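**Q** What follows is entry.txt, compact mmCIF, C-alpha atoms and all ligand atoms.
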# COMPACT_ATOMS: atom_id res chain seq x y z
CA MET Q 128 112.06 107.52 132.71
CA PRO Q 129 109.63 104.58 132.62
CA ASN Q 130 111.15 101.20 131.80
CA SER Q 131 108.41 99.87 129.56
CA MET Q 132 106.91 101.14 126.33
CA LEU Q 133 104.08 100.45 123.93
CA ALA Q 134 105.06 98.32 120.93
CA VAL Q 135 103.14 96.49 118.24
CA ARG Q 136 104.44 92.96 117.81
CA PHE Q 137 103.81 90.38 115.10
CA TYR Q 138 102.98 86.90 116.42
CA LYS Q 139 101.66 85.08 113.36
CA PRO Q 140 99.81 85.98 110.15
CA GLY Q 141 96.80 88.10 111.15
CA ASP Q 142 97.94 88.30 114.78
CA LEU Q 143 99.40 91.66 115.84
CA ARG Q 144 99.39 92.76 119.46
CA ALA Q 145 99.87 96.18 121.01
CA GLU Q 146 101.62 95.47 124.30
CA GLN Q 147 104.12 96.72 126.85
CA VAL Q 148 107.76 95.68 126.32
CA PRO Q 149 111.03 96.86 127.93
CA ILE Q 150 112.54 100.10 126.58
CA PRO Q 151 115.77 99.17 124.77
CA GLU Q 152 119.22 100.36 125.89
CA PRO Q 153 121.87 101.36 123.36
CA GLY Q 154 124.78 98.98 122.74
CA PRO Q 155 128.13 100.29 121.46
CA GLY Q 156 127.63 102.46 118.36
CA GLU Q 157 123.85 102.35 118.67
CA LEU Q 158 121.16 104.98 119.19
CA ILE Q 159 117.81 104.92 120.93
CA VAL Q 160 115.28 107.10 119.12
CA LYS Q 161 111.92 108.16 120.53
CA SER Q 162 109.73 107.57 117.52
CA ALA Q 163 107.44 110.49 116.65
CA VAL Q 164 105.95 108.93 113.53
CA ALA Q 165 106.03 105.52 111.91
CA LEU Q 166 104.59 104.77 108.47
CA THR Q 167 102.89 101.67 107.16
CA CYS Q 168 104.50 100.04 104.13
CA GLY Q 169 103.41 97.43 101.60
CA THR Q 170 106.03 95.08 103.03
CA ASP Q 171 104.44 95.41 106.46
CA VAL Q 172 101.07 94.47 104.94
CA LYS Q 173 102.69 91.38 103.38
CA MET Q 174 104.30 90.42 106.70
CA TYR Q 175 101.03 90.92 108.57
CA ARG Q 176 99.20 88.68 106.09
CA ARG Q 177 101.74 85.99 105.29
CA GLY Q 178 104.53 86.32 107.85
CA HIS Q 179 108.11 86.87 106.77
CA PRO Q 180 110.82 84.19 106.45
CA LEU Q 181 113.32 86.39 108.31
CA ALA Q 182 111.12 87.54 111.17
CA LYS Q 183 111.12 85.46 114.35
CA PRO Q 184 107.94 86.19 116.32
CA PRO Q 185 107.14 87.96 118.45
CA GLN Q 186 108.79 90.81 116.57
CA ILE Q 187 108.11 94.55 116.75
CA MET Q 188 107.08 95.53 113.23
CA GLY Q 189 107.73 98.70 111.25
CA HIS Q 190 110.78 100.16 109.54
CA GLU Q 191 109.81 103.65 108.33
CA PHE Q 192 110.03 106.20 111.12
CA ALA Q 193 111.59 109.41 112.40
CA GLY Q 194 112.08 110.78 115.87
CA THR Q 195 114.40 112.21 118.51
CA VAL Q 196 117.55 110.65 119.94
CA THR Q 197 117.13 109.85 123.65
CA ALA Q 198 120.26 107.77 124.29
CA VAL Q 199 123.60 107.35 122.56
CA GLY Q 200 125.81 104.24 122.70
CA VAL Q 201 129.52 104.24 123.44
CA GLY Q 202 131.53 105.48 120.47
CA VAL Q 203 128.78 107.44 118.70
CA GLU Q 204 130.04 110.91 117.88
CA LYS Q 205 127.87 112.08 115.01
CA PHE Q 206 124.60 112.11 116.95
CA LYS Q 207 123.61 113.61 120.29
CA VAL Q 208 120.60 113.39 122.59
CA ASN Q 209 117.67 115.58 121.41
CA MET Q 210 118.73 115.52 117.74
CA LYS Q 211 115.95 114.72 115.30
CA VAL Q 212 116.99 111.82 113.10
CA VAL Q 213 115.79 109.40 110.46
CA SER Q 214 117.30 106.02 109.58
CA ALA Q 215 116.97 103.52 106.78
CA ASN Q 216 116.01 99.97 107.75
CA SER Q 217 119.34 98.31 107.03
CA ALA Q 218 122.96 98.94 106.08
CA PRO Q 219 125.54 96.77 104.31
CA CYS Q 220 128.59 95.11 105.92
CA ASN Q 221 131.12 96.58 103.42
CA LYS Q 222 133.21 93.40 103.58
CA CYS Q 223 131.38 90.62 101.70
CA PHE Q 224 131.69 89.71 98.01
CA TYR Q 225 128.73 91.89 96.96
CA CYS Q 226 129.82 94.88 99.00
CA LEU Q 227 133.29 94.64 97.44
CA MET Q 228 131.63 94.37 93.99
CA GLN Q 229 129.92 97.72 94.72
CA GLN Q 230 126.52 96.05 94.98
CA PRO Q 231 125.84 96.73 98.67
CA ASN Q 232 122.08 96.38 98.16
CA LEU Q 233 122.81 92.65 97.67
CA CYS Q 234 125.05 92.40 100.77
CA GLU Q 235 125.20 88.88 102.19
CA HIS Q 236 124.82 90.25 105.71
CA LEU Q 237 121.94 92.65 105.08
CA ASN Q 238 119.66 90.31 106.99
CA ASP Q 239 121.73 90.45 110.20
CA SER Q 240 119.87 93.54 111.40
CA ILE Q 241 116.93 94.67 109.29
CA VAL Q 242 114.75 96.91 111.42
CA GLY Q 243 111.24 95.48 111.71
CA PHE Q 244 112.24 92.02 110.46
CA THR Q 245 115.36 90.57 112.09
CA TRP Q 246 115.73 93.49 114.51
CA PRO Q 247 113.02 95.12 116.68
CA GLY Q 248 111.09 97.59 114.56
CA ALA Q 249 109.60 101.04 114.61
CA TYR Q 250 106.00 100.39 115.65
CA ALA Q 251 107.08 101.32 119.15
CA GLU Q 252 107.71 104.34 121.36
CA TYR Q 253 111.47 103.78 121.24
CA VAL Q 254 113.57 102.28 118.45
CA GLN Q 255 117.06 100.84 118.84
CA ILE Q 256 119.19 101.66 115.78
CA PRO Q 257 121.88 99.06 114.96
CA GLU Q 258 125.47 100.29 114.85
CA ARG Q 259 125.88 99.66 111.13
CA ILE Q 260 122.81 101.76 110.35
CA VAL Q 261 123.89 104.55 112.71
CA ARG Q 262 127.24 104.68 110.94
CA GLN Q 263 125.98 104.62 107.34
CA ASN Q 264 122.27 105.29 106.97
CA THR Q 265 121.17 107.73 109.67
CA PHE Q 266 120.71 111.47 109.12
CA GLN Q 267 119.99 114.52 111.22
CA ILE Q 268 116.71 116.09 110.10
CA PRO Q 269 116.93 119.85 109.50
CA ASP Q 270 114.39 122.13 111.21
CA GLY Q 271 111.24 122.73 109.23
CA VAL Q 272 111.10 119.29 107.59
CA ALA Q 273 107.95 117.34 108.52
CA LEU Q 274 108.88 114.08 110.22
CA GLU Q 275 106.13 112.13 108.44
CA ASN Q 276 107.68 113.11 105.12
CA VAL Q 277 111.23 112.17 105.96
CA ALA Q 278 110.04 108.89 107.54
CA SER Q 279 109.56 107.57 104.00
CA LEU Q 280 113.33 107.52 103.46
CA GLU Q 281 113.54 103.75 102.91
CA PRO Q 282 110.95 103.33 100.12
CA LEU Q 283 112.27 106.39 98.30
CA ALA Q 284 115.84 105.06 98.59
CA CYS Q 285 114.69 101.82 96.92
CA VAL Q 286 113.02 103.78 94.12
CA VAL Q 287 116.11 105.99 93.65
CA HIS Q 288 118.23 102.82 93.42
CA GLY Q 289 115.81 101.39 90.83
CA TRP Q 290 116.26 104.47 88.64
CA ASP Q 291 120.04 104.04 88.86
CA LEU Q 292 119.47 100.85 86.85
CA VAL Q 293 117.30 102.43 84.15
CA HIS Q 294 118.79 103.23 80.77
CA GLN Q 295 117.54 106.75 80.82
CA ILE Q 296 116.06 108.50 77.88
CA PRO Q 297 115.67 112.21 78.58
CA GLY Q 298 112.57 113.54 76.90
CA GLY Q 299 111.02 110.09 76.80
CA VAL Q 300 107.78 108.52 77.95
CA ALA Q 301 107.72 106.69 81.29
CA MET Q 302 104.92 104.26 82.04
CA ILE Q 303 104.36 103.43 85.71
CA ILE Q 304 102.16 100.38 86.33
CA GLY Q 305 100.57 100.70 89.78
CA GLY Q 306 99.48 103.88 91.58
CA GLY Q 307 100.24 102.88 95.17
CA PRO Q 308 102.77 104.79 97.28
CA ILE Q 309 105.69 103.21 95.40
CA GLY Q 310 104.17 104.08 92.01
CA LEU Q 311 103.68 107.68 93.17
CA LEU Q 312 107.38 107.85 94.03
CA HIS Q 313 108.37 106.31 90.69
CA SER Q 314 106.32 108.87 88.78
CA GLN Q 315 108.26 111.66 90.51
CA LEU Q 316 111.62 109.98 89.93
CA ALA Q 317 110.71 109.49 86.27
CA ARG Q 318 110.29 113.25 85.95
CA LEU Q 319 113.52 113.98 87.84
CA ASN Q 320 115.28 111.58 85.48
CA GLY Q 321 114.15 113.50 82.44
CA ALA Q 322 110.87 111.92 81.34
CA LYS Q 323 108.78 114.34 79.30
CA VAL Q 324 105.59 112.36 79.69
CA VAL Q 325 104.73 110.29 82.76
CA ALA Q 326 101.83 107.87 82.38
CA MET Q 327 100.38 105.86 85.24
CA SER Q 328 97.99 102.94 85.26
CA ASP Q 329 95.94 101.45 88.05
CA VAL Q 330 92.52 99.89 88.46
CA ILE Q 331 91.51 102.18 91.35
CA GLU Q 332 90.18 105.52 90.12
CA GLU Q 333 91.07 107.47 93.32
CA ARG Q 334 94.69 106.43 93.01
CA LEU Q 335 94.82 107.77 89.49
CA GLN Q 336 93.48 111.10 90.73
CA GLU Q 337 96.22 111.10 93.36
CA ALA Q 338 98.77 110.43 90.63
CA THR Q 339 97.92 113.68 88.85
CA GLN Q 340 98.86 115.50 92.09
CA VAL Q 341 102.40 114.18 91.88
CA GLY Q 342 102.71 115.10 88.25
CA ALA Q 343 101.44 112.15 86.20
CA ASP Q 344 100.46 113.61 82.80
CA VAL Q 345 98.39 110.66 81.64
CA THR Q 346 96.37 108.31 83.82
CA ILE Q 347 94.97 105.05 82.50
CA ASN Q 348 92.41 102.88 84.25
CA SER Q 349 93.68 99.51 83.08
CA GLY Q 350 90.52 97.82 84.37
CA LYS Q 351 88.47 99.76 81.82
CA GLU Q 352 90.88 100.82 79.09
CA ASP Q 353 93.27 98.96 76.79
CA LEU Q 354 96.63 99.89 78.32
CA ARG Q 355 98.69 98.82 75.34
CA ALA Q 356 96.54 100.81 72.89
CA ARG Q 357 96.82 103.94 75.05
CA ILE Q 358 100.62 103.66 75.26
CA SER Q 359 100.79 103.03 71.55
CA ASP Q 360 98.78 106.22 70.90
CA LEU Q 361 101.10 108.20 73.17
CA THR Q 362 104.27 107.02 71.45
CA GLU Q 363 103.42 106.83 67.73
CA GLY Q 364 103.12 103.08 68.10
CA ARG Q 365 106.60 102.56 69.57
CA GLY Q 366 105.90 101.86 73.25
CA ALA Q 367 107.22 103.61 76.35
CA ASP Q 368 110.92 104.36 76.81
CA VAL Q 369 110.77 103.13 80.40
CA VAL Q 370 108.14 100.84 81.93
CA VAL Q 371 108.11 100.38 85.71
CA GLU Q 372 106.17 97.54 87.30
CA ALA Q 373 105.21 98.76 90.79
CA VAL Q 374 102.49 96.26 91.66
CA GLY Q 375 104.22 92.94 92.37
CA ARG Q 376 101.89 90.56 90.51
CA GLY Q 377 102.79 87.97 87.92
CA GLU Q 378 100.28 89.35 85.38
CA THR Q 379 101.62 92.88 85.51
CA TRP Q 380 105.23 91.63 85.31
CA GLU Q 381 104.29 89.71 82.18
CA SER Q 382 102.53 92.64 80.55
CA ALA Q 383 105.34 95.13 81.22
CA PRO Q 384 107.67 94.25 78.29
CA SER Q 385 104.79 94.51 75.82
CA LEU Q 386 104.42 98.20 76.75
CA ALA Q 387 108.08 99.11 76.15
CA ARG Q 388 109.65 100.36 72.95
CA LYS Q 389 112.62 98.69 71.29
CA GLY Q 390 115.77 99.50 73.27
CA GLY Q 391 113.70 100.58 76.24
CA THR Q 392 113.98 99.56 79.89
CA VAL Q 393 111.53 97.45 81.85
CA LEU Q 394 112.12 97.91 85.57
CA LEU Q 395 110.55 95.04 87.51
CA PHE Q 396 110.26 96.69 90.89
CA GLY Q 397 107.24 95.17 92.64
CA GLY Q 398 108.06 92.01 94.62
CA CYS Q 399 105.81 89.06 93.70
CA PRO Q 400 104.85 86.33 96.20
CA SER Q 401 107.74 83.83 96.40
CA GLY Q 402 107.45 81.00 93.90
CA THR Q 403 105.80 83.22 91.27
CA LYS Q 404 106.79 82.20 87.72
CA VAL Q 405 106.41 84.54 84.76
CA SER Q 406 106.90 84.16 81.02
CA PHE Q 407 107.98 86.75 78.49
CA ASP Q 408 107.99 87.05 74.72
CA ALA Q 409 111.60 86.12 73.91
CA GLU Q 410 111.38 87.69 70.44
CA LYS Q 411 110.40 91.06 71.86
CA ILE Q 412 113.27 91.02 74.36
CA HIS Q 413 115.86 89.73 71.90
CA TYR Q 414 115.05 91.62 68.69
CA GLY Q 415 113.72 94.58 70.62
CA GLU Q 416 116.90 94.69 72.70
CA LEU Q 417 114.95 95.35 75.87
CA HIS Q 418 116.72 95.99 79.15
CA VAL Q 419 114.70 93.83 81.53
CA GLN Q 420 115.91 94.84 84.95
CA GLY Q 421 115.10 93.64 88.45
CA ALA Q 422 115.60 96.02 91.37
CA PHE Q 423 116.04 95.25 95.04
CA HIS Q 424 116.52 97.35 98.16
CA HIS Q 425 118.85 100.34 98.41
CA THR Q 426 122.48 101.37 98.78
CA PRO Q 427 123.98 103.94 101.16
CA ALA Q 428 124.37 106.22 98.13
CA SER Q 429 120.69 105.93 97.16
CA VAL Q 430 119.64 106.43 100.80
CA GLU Q 431 121.63 109.66 100.96
CA ARG Q 432 120.15 110.95 97.70
CA ALA Q 433 116.66 110.02 98.85
CA PHE Q 434 117.23 111.99 102.05
CA ARG Q 435 118.27 115.05 100.05
CA LEU Q 436 115.31 114.74 97.67
CA ILE Q 437 112.87 114.75 100.59
CA VAL Q 438 114.56 117.50 102.60
CA SER Q 439 114.85 119.77 99.55
CA GLY Q 440 111.20 119.18 98.67
CA GLN Q 441 112.07 117.81 95.22
CA VAL Q 442 110.00 114.72 95.94
CA ALA Q 443 106.56 115.26 97.47
CA ILE Q 444 105.68 112.74 100.16
CA LYS Q 445 102.37 114.18 101.42
CA PRO Q 446 100.32 112.75 98.53
CA LEU Q 447 101.47 109.26 99.57
CA ILE Q 448 99.93 109.58 103.03
CA SER Q 449 96.18 109.11 103.33
CA HIS Q 450 95.50 108.47 107.03
CA ASP Q 451 96.83 109.35 110.48
CA MET Q 452 96.18 106.98 113.43
CA PRO Q 453 97.47 106.19 116.92
CA LEU Q 454 100.07 103.41 117.04
CA GLU Q 455 97.69 101.03 118.86
CA LYS Q 456 95.63 100.90 115.66
CA ALA Q 457 98.47 99.35 113.62
CA LYS Q 458 96.42 96.23 112.85
CA GLU Q 459 93.49 98.27 111.49
CA ALA Q 460 95.94 100.42 109.56
CA LEU Q 461 97.57 97.43 107.84
CA GLU Q 462 94.16 95.96 107.01
CA LEU Q 463 93.02 99.28 105.54
CA MET Q 464 96.20 99.60 103.50
CA GLY Q 465 95.90 96.00 102.33
CA SER Q 466 92.33 96.64 101.16
CA GLY Q 467 93.57 99.28 98.73
CA LYS Q 468 91.46 101.95 100.46
CA ALA Q 469 94.50 103.68 101.95
CA LEU Q 470 97.93 104.69 100.75
CA LYS Q 471 100.49 105.08 103.52
CA ILE Q 472 99.21 105.57 107.05
CA VAL Q 473 101.00 107.59 109.73
CA LEU Q 474 101.08 105.73 113.07
CA ARG Q 475 101.71 107.96 116.09
CA PRO Q 476 103.13 106.46 119.28
CA PRO Q 477 101.76 108.01 122.49
CA GLY Q 478 103.51 111.00 124.07
ZN ZN C 1 109.00 100.14 103.55
ZN ZN C 2 128.22 93.00 102.57
Show how you would write the structure in this file as structure tokens.
**A**
Amino acid sequence: MPNSMLAVRFYKPGDLRAEQVPIPEPGPGELIVKSAVALTCGTDVKMYRRGHPLAKPPQIMGHEFAGTVTAVGVGVEKFKVNMKVVSANSAPCNKCFYCLMQQPNLCEHLNDSIVGFTWPGAYAEYVQIPERIVRQNTFQIPDGVALENVASLEPLACVVHGWDLVHQIPGGVAMIIGGGPIGLLHSQLARLNGAKVVAMSDVIEERLQEATQVGADVTINSGKEDLRARISDLTEGRGADVVVEAVGRGETWESAPSLARKGGTVLLFGGCPSGTKVSFDAEKIHYGELHVQGAFHHTPASVERAFRLIVSGQVAIKPLISHDMPLEKAKEALELMGSGKALKIVLRPPG
């Protein structure tokens, strides 16, 4: 076995380098996985552009991947060499205040080992999986499941967790703001959670066409149409039962409550640049009894459900993937994704 591998490392905003680095060895409880596919993610685009407060350069980027186990650390019993596996990007400590409060997505020690941020990532031929993730958030992939589909475990787990926080209204109208990969997942989760009508808005026409492939009933180009008027028409003037913000911009956060009906839920899912301030109509939230809900990250329970939803084919991942490139092209891939001309991009390591 060679002792070096290709990896794509982040040095500073705009500076990514494909270079040779040592192949990792597994510590106790860890796995080494030969990555077959890695996916680009909106968070990777943000890190490429702005850096990330947790990432100490040079850091191997990437956190969505699937592959084959090539080495197993002392004490690992669940996984063996040659098994196909997928992992989430983090796992909670199970000991801190938040873990004990059953809010493991808010774990105080989540940042100890987040793959692709505080731990070497998946834009590499081999990925070292931290012990905590091996123990809680790693799964054997059944035969016949496409690795590029299951590699999107982490974003789907976040979306599944978000829907755990929604006051669900079976038979209702769900409005998804933003037709990127995350919006496409939300539109499918809306349906699985009982929405009768799923509406999606975006300013990019191609994305709206993509949305109809994953079951959006109504698409609204909010650059050309009056979003509020369209939602009003769809709901006899009431507003949507659930509104999901999946863009991560102050303006769309602010507009979200105005699209919801009284008693409805506004799920603020898209992360805005840090320091963003937003203002809301207090009267609407108070007298309209809106559930205005933030959502962050995932829990082991949402990761496991996300895994099952992908493996069983209940959530379609293919429509989220628009391009397929060799790993060396990671920089081009993140630029393309950041331009809005691509959804997720599959990055394939050599070999
Ligand atoms: Zn991601
Ligand atoms: Zn914890």
**Q** Which residues come within 10 Å of Glu235 (chain Q), counting all atoms listed in the file, excluding same-chain residues fewer than 2 positions away, as a ChimeraX atom specification?
**A** /Q:219-226,231-233,237-239
**Q** Pick the closest to Leu181 (chain Q) from Q:Gly243, Q:Gly298, Q:Gly377, Q:Pro477: which is it, counting only C-alpha atoms?
**A**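 Nearest to Leu181 (chain Q): Q:Gly243.
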**Q** Report the distance between CA of Ala182 (chain Q) and CA of Pro140 (chain Q) in Å, rounded to one decimal place.
**A**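 Straight-line distance from CA of Ala182 (chain Q) to CA of Pro140 (chain Q) works out to 11.5 Å.
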**Q** Which one is closest to Val473 (chain Q): Q:His450, Q:His288, Q:His425, Q:Lys458? Count all atoms listed in the file.
**A**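 For Val473 (chain Q), the nearest of the candidates is Q:His450.
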**Q** What is the CA of Gln441 (chain Q)-CA of Thr167 (chain Q) distance in Å, reported with one decimal?
**A**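 Between CA of Gln441 (chain Q) and CA of Thr167 (chain Q) the gap is 22.1 Å.
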**Q** Taking only C-alpha atoms and all ligand atoms and a cut-off of 7 Å, can you tell me which residues surround ligand ZN 1 (chain C), written as a PDB file with C-alpha atoms, in the frame of the given file?
**A**
ATOM      1  CA  CYS Q 168     104.500 100.040 104.130  1.00  0.00           C
ATOM      2  CA  GLY Q 169     103.410  97.430 101.600  1.00  0.00           C
ATOM      3  CA  THR Q 170     106.030  95.080 103.030  1.00  0.00           C
ATOM      4  CA  HIS Q 190     110.780 100.160 109.540  1.00  0.00           C
ATOM      5  CA  GLU Q 191     109.810 103.650 108.330  1.00  0.00           C
ATOM      6  CA  GLU Q 281     113.540 103.750 102.910  1.00  0.00           C
ATOM      7  CA  PRO Q 282     110.950 103.330 100.120  1.00  0.00           C
TER       8      PRO Q 282
END
**Q** Emit as JSON the padded axis-aligned box for all listed atoms of region 387-406 of chain Q, 8 Å per side, with centre and edge lengths in Å to one decimal.
**A**
{"center_x": 110.3, "center_y": 90.8, "center_z": 83.8, "size_x": 26.9, "size_y": 35.6, "size_z": 41.1}
**Q** Need to verify the contact set: Ile150 (chain Q), 12 Å, all atoms listed in the file, exclusion of same-chain residues closer than 6 positions in sequence. Can you return it as an MDAnalysis selection string?
**A** chainID Q and resid 128:134 159:161 197:198 247 251:255
**Q** Could you check how far CA of Arg318 (chain Q) sits from CA of Pro297 (chain Q), in Å to one decimal?
**A**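 Separating CA of Arg318 (chain Q) from CA of Pro297 (chain Q) is a distance of 9.2 Å.
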**Q** Please identify all polymer residues within 10 Å of Asp291 (chain Q), counting all atoms listed in the file, omitting same-chain residues fewer than 6 positions from it, and present them as an MDAnalysis selection string.
**A** chainID Q and resid 285 320 422 429
**Q** Any chance you could export the current selection's C-alpha atoms as a PDB file, keeping the file's coordinate frame?
**A**
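This went into part31.pdb:
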ATOM      1  CA  CYS Q 285     114.690 101.820  96.920  1.00  0.00           C
ATOM      2  CA  ASN Q 320     115.280 111.580  85.480  1.00  0.00           C
ATOM      3  CA  ALA Q 422     115.600  96.020  91.370  1.00  0.00           C
ATOM      4  CA  SER Q 429     120.690 105.930  97.160  1.00  0.00           C
TER       5      SER Q 429
END
**Q** Which is closest to Arg334 (chain Q) among Q:Lys468, Q:His294, Q:Arg475, Q:His418, if we use all atoms listed in the file?
**A**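 Of Q:Lys468, Q:His294, Q:Arg475, Q:His418, the one nearest Arg334 (chain Q), counting all atoms listed in the file, is Q:Lys468.
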